[in-house]
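Asker: Take a look at run-v8.cif, mmCIF, C-alpha atoms:
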```
data_entry
#
loop_
_atom_site.label_atom_id
_atom_site.label_comp_id
_atom_site.auth_asym_id
_atom_site.auth_seq_id
_atom_site.Cartn_x
_atom_site.Cartn_y
_atom_site.Cartn_z
CA MET A 1 87.50 121.11 83.72
CA ILE A 2 88.41 121.91 80.12
CA ALA A 3 90.22 119.09 78.35
CA THR A 4 93.66 119.98 77.12
CA THR A 5 94.15 119.47 73.41
CA LYS A 6 97.78 120.47 73.07
CA ASP A 7 100.92 120.59 75.19
CA ASN A 8 102.15 124.09 76.12
CA SER A 9 105.39 124.41 74.15
CA GLU A 10 106.29 127.58 76.15
CA GLU A 11 106.12 125.83 79.56
CA MET A 12 109.48 126.25 81.33
CA PHE A 13 111.47 123.22 82.47
CA PRO A 14 114.62 123.12 84.59
CA ILE A 15 117.71 121.88 82.76
CA VAL A 16 119.85 119.65 84.98
CA ASP A 17 123.12 117.76 85.07
CA GLU A 18 123.08 113.97 85.55
CA ASP A 19 123.07 114.45 89.35
CA GLY A 20 119.85 116.53 89.13
CA ASN A 21 121.46 119.90 89.83
CA ILE A 22 119.69 122.72 87.98
CA ILE A 23 122.03 124.45 85.54
CA SER A 24 119.55 126.48 83.45
CA ALA A 25 116.01 126.47 82.09
CA ALA A 26 114.37 125.97 78.69
CA THR A 27 110.89 125.67 77.21
CA ARG A 28 109.07 122.37 76.59
CA GLY A 29 109.40 123.12 72.89
CA GLU A 30 113.18 123.46 73.16
CA CYS A 31 113.49 120.32 75.31
CA HIS A 32 111.38 118.20 72.91
CA SER A 33 112.93 119.46 69.67
CA GLY A 34 115.95 117.17 69.52
CA SER A 35 118.13 119.58 71.52
CA LYS A 36 118.95 116.82 74.07
CA LEU A 37 118.66 119.34 76.93
CA LEU A 38 118.52 117.10 80.02
CA HIS A 39 115.31 117.79 81.97
CA PRO A 40 113.93 115.94 85.02
CA VAL A 41 110.73 113.88 85.12
CA VAL A 42 108.96 111.67 87.64
CA HIS A 43 107.38 108.28 86.99
CA LEU A 44 105.10 106.27 89.26
CA HIS A 45 104.27 102.61 88.65
CA VAL A 46 100.95 101.77 90.33
CA PHE A 47 100.39 98.12 91.23
CA ASN A 48 97.25 96.74 92.84
CA SER A 49 97.35 94.03 95.49
CA LYS A 50 96.80 91.39 92.77
CA GLY A 51 100.13 92.34 91.17
CA GLU A 52 98.56 94.02 88.14
CA LEU A 53 100.12 97.22 86.80
CA TYR A 54 98.03 100.29 85.99
CA LEU A 55 98.91 101.94 82.67
CA GLN A 56 97.61 105.18 81.20
CA LYS A 57 96.76 105.67 77.56
CA ARG A 58 98.39 108.77 76.13
CA PRO A 59 95.98 111.08 74.28
CA GLU A 60 96.41 111.56 70.54
CA TRP A 61 97.22 115.26 71.08
CA LYS A 62 100.42 114.61 73.12
CA ASP A 63 103.65 115.85 71.52
CA ILE A 64 105.54 112.67 72.53
CA GLN A 65 104.23 109.11 71.86
CA PRO A 66 100.54 109.89 71.24
CA GLY A 67 98.06 107.01 71.56
CA LYS A 68 100.45 104.60 73.29
CA TRP A 69 100.11 102.91 76.69
CA ASP A 70 102.57 104.22 79.25
CA THR A 71 103.60 104.36 82.90
CA ALA A 72 100.65 105.17 85.20
CA VAL A 73 102.08 108.61 85.96
CA GLY A 74 104.76 110.50 84.12
CA GLY A 75 105.37 114.19 84.33
CA HIS A 76 107.90 116.94 84.21
CA ILE A 77 109.35 118.53 87.31
CA ASP A 78 108.50 122.23 87.25
CA LEU A 79 110.95 125.00 87.98
CA GLY A 80 111.11 125.43 91.77
CA GLU A 81 109.82 121.92 92.56
CA ASN A 82 111.70 118.99 94.03
CA VAL A 83 111.16 115.36 93.00
CA GLU A 84 108.69 114.58 95.81
CA GLN A 85 106.59 117.70 95.18
CA ALA A 86 106.42 116.96 91.45
CA LEU A 87 105.48 113.32 92.10
CA MET A 88 102.62 114.24 94.46
CA ARG A 89 101.35 116.93 92.04
CA GLU A 90 101.50 114.71 88.97
CA VAL A 91 99.79 111.74 90.68
CA GLU A 92 96.94 113.98 91.83
CA GLU A 93 96.68 115.70 88.42
CA GLU A 94 96.75 112.52 86.32
CA LEU A 95 94.98 109.94 88.54
CA GLY A 96 93.22 111.90 91.28
CA ILE A 97 95.20 110.02 93.96
CA THR A 98 96.35 111.92 97.05
CA ASP A 99 96.82 109.14 99.62
CA PHE A 100 99.60 106.76 98.59
CA SER A 101 103.05 105.72 99.75
CA PRO A 102 105.66 106.01 96.99
CA GLU A 103 108.82 103.92 97.12
CA LYS A 104 111.92 105.11 95.26
CA VAL A 105 113.10 102.58 92.69
CA THR A 106 115.93 104.27 90.77
CA HIS A 107 116.84 107.20 88.56
CA TYR A 108 118.48 107.13 85.14
CA VAL A 109 118.97 109.09 81.93
CA PHE A 110 116.60 108.23 79.07
CA GLU A 111 117.42 109.47 75.60
CA SER A 112 115.38 109.32 72.41
CA THR A 113 115.73 111.12 69.09
CA ARG A 114 113.62 114.02 70.42
CA GLU A 115 114.60 114.40 74.06
CA LYS A 116 116.82 113.51 76.99
CA GLU A 117 115.32 113.07 80.46
CA LEU A 118 116.57 112.43 83.97
CA VAL A 119 113.89 109.99 85.14
CA PHE A 120 113.10 109.51 88.85
CA VAL A 121 111.21 106.19 89.13
CA HIS A 122 108.85 105.29 91.98
CA LYS A 123 106.33 102.53 92.64
CA THR A 124 103.36 102.03 94.94
CA ILE A 125 100.63 99.51 95.72
CA TYR A 126 97.20 101.10 95.51
CA ASP A 127 93.72 99.57 95.56
CA GLY A 128 91.64 102.75 95.85
CA GLU A 129 89.69 104.65 93.25
CA ILE A 130 91.58 105.99 90.24
CA LYS A 131 90.09 108.97 88.41
CA PRO A 132 92.07 109.55 85.20
CA SER A 133 92.17 113.20 84.18
CA ALA A 134 91.86 114.83 80.77
CA GLU A 135 95.68 114.71 80.65
CA THR A 136 95.26 111.00 79.83
CA ASP A 137 92.99 109.01 77.54
CA GLY A 138 92.00 106.78 80.46
CA GLY A 139 93.79 103.76 81.78
CA ARG A 140 93.42 100.31 83.30
CA PHE A 141 95.22 97.59 85.20
CA TRP A 142 97.14 95.09 83.05
CA SER A 143 98.19 91.62 84.14
CA VAL A 144 101.88 90.80 83.84
CA GLN A 145 100.95 88.25 81.15
CA GLU A 146 99.07 90.88 79.09
CA ILE A 147 102.08 93.18 79.28
CA LYS A 148 104.47 90.41 78.21
CA GLU A 149 102.22 89.49 75.26
CA ASN A 150 102.24 93.08 73.98
CA LEU A 151 105.92 93.98 74.40
CA GLY A 152 107.61 94.94 71.13
CA LYS A 153 104.28 95.34 69.30
CA ASP A 154 104.14 99.17 69.30
CA VAL A 155 101.41 99.12 71.98
CA PHE A 156 103.56 100.70 74.72
CA THR A 157 105.85 103.70 74.64
CA PRO A 158 109.54 102.85 74.12
CA ASN A 159 110.18 104.68 77.41
CA PHE A 160 107.87 102.28 79.29
CA GLU A 161 109.34 99.15 77.69
CA SER A 162 112.89 100.34 78.35
CA GLU A 163 112.05 101.20 81.96
CA LEU A 164 110.46 97.78 82.60
CA LYS A 165 113.66 96.06 81.46
CA ARG A 166 115.89 98.48 83.38
CA THR A 167 114.00 98.34 86.70
CA LYS A 168 112.83 94.70 86.67
CA LEU A 169 109.54 95.85 88.27
CA ILE A 170 107.88 92.80 86.73
CA ASP A 171 109.41 89.47 85.85
CA LEU A 172 109.90 89.55 82.10
#
```
Go through the file and emit its structure as structure tokens.
Answerer:
Amino acid sequence: MIATTKDNSEEMFPIVDEDGNIISAATRGECHSGSKLLHPVVHLHVFNSKGELYLQKRPEWKDIQPGKWDTAVGGHIDLGENVEQALMREVEEELGITDFSPEKVTHYVFESTREKELVFVHKTIYDGEIKPSAETDGGRFWSVQEIKENLGKDVFTPNFESELKRTKLIDL
């Protein structure tokens, strides 16, 4: 496998309303340029049976939040995909996991200065092998205490910190 060194700014994303209905399409570049075009993404929080949370490290070449620790899996829903298809694809692509049972947590709109996303959040408990792909810069399980100690210190993506508070997945 050849490691990616840049996001494809021409990749097409569906543009949706806040209910997830597709209303048009735009490129990654357009969606991440401050246009605030609402596009859907999936997130998966992976816990092990000890209650630790797996986080991925974003590669330095990513166009959004390079070098920060983030949700185990986060990816865009492609044109023609539904939430479940995108979740299964992204989990396999990013972590090499194909056998897991996702549980829906919530969905919400996240907005930053560069983008606006409709985020579909899931969680799972998984104790099998994790094989991070070249789409990540590796990853590891973090204890809840380690996460608490690093909140607000520019270690994690703002998206991840915001989502932890919003979903109450761990006791902060």
Asker: So which residues get picked by the PyMOL selection byres ((chain A and resi 51) around 10) here, written as a ChimeraX atom specification?
Answerer: /A:46-50,52-54,125,141-144,170
Asker: Go through A:Thr98, A:Thr136, A:Asn159, A:Thr27 and flag the residue nearest Val121 (chain A), using only C-alpha atoms for the distances.
Answerer: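 For Val121 (chain A), the nearest of the candidates is A:Asn159.
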Asker: Can you tell me which residues surround Thr157 (chain A) at a distance of at most 7 Å, considering all atoms listed in the file, apart from same-chain residues fewer than 3 positions away, and format the answer as a PyMOL selection string?
Answerer: chain A and resi 65+68-70+160-161
Asker: For this file, the PyMOL selection byres ((chain A and resi 30) around 10) selects which residues, as a PyMOL selection string?
Answerer: chain A and resi 9-13+25-29+31-37+114-115
Asker: Leaving out Arg58 (chain A) and any residue of its chain fewer than 3 positions from it, which residues lie within 12 Å of it when counting all atoms listed in the file, given as a VMD selection string?
Answerer: chain A and resid 5 55 61 to 74 94 132 to 139 155 to 157 160
Asker: Within 7 Å of Asp78 (chain A), counting all atoms listed in the file, which residues show up once you throw out same-chain ones fewer than 2 positions away? Write them as a compact mmCIF listing (two decimals) with C-alpha atoms, in the frame of the given file, please.
Answerer:
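New file around-v5.txt:
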```
# COMPACT_ATOMS: atom_id res chain seq x y z
CA PHE A 13 111.47 123.22 82.47
CA PRO A 14 114.62 123.12 84.59
CA HIS A 76 107.90 116.94 84.21
CA GLY A 80 111.11 125.43 91.77
CA GLU A 81 109.82 121.92 92.56
```
Asker: So the first atom is CA of Val41 (chain A) and the second is CA of Ile77 (chain A); what is the distance between them in Å, to one decimal place?
Answerer: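 Computed distance, CA of Val41 (chain A) to CA of Ile77 (chain A), equals 5.3 Å.
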Asker: Any idea what the distance is between CA of Lys116 (chain A) and CA of Ser24 (chain A)?
Answerer: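 Result for CA of Lys116 (chain A) versus CA of Ser24 (chain A): 14.7 Å, one decimal.
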Asker: Run through the PyMOL selection byres ((chain A and resi 99-112) around 10) on the given coordinates and return the selected residues as an MDAnalysis selection string.
Answerer: chainID A and resid 18:20 32 34 36 38:46 84 87:88 91:92 96:98 113:128 158:159 162:163 166:169
Asker: For the atom pair CA of Pro59 (chain A) and CA of Val16 (chain A), what is the interatomic distance in Å to one decimal place?
Answerer: 27.5 Å
Asker: Counting only C-alpha atoms, figure out which residue out of A:Asp171, A:Glu146, A:Ile23, A:Asp154 gets nearest to Leu79 (chain A).
Answerer: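 Nearest to Leu79 (chain A): A:Ile23.
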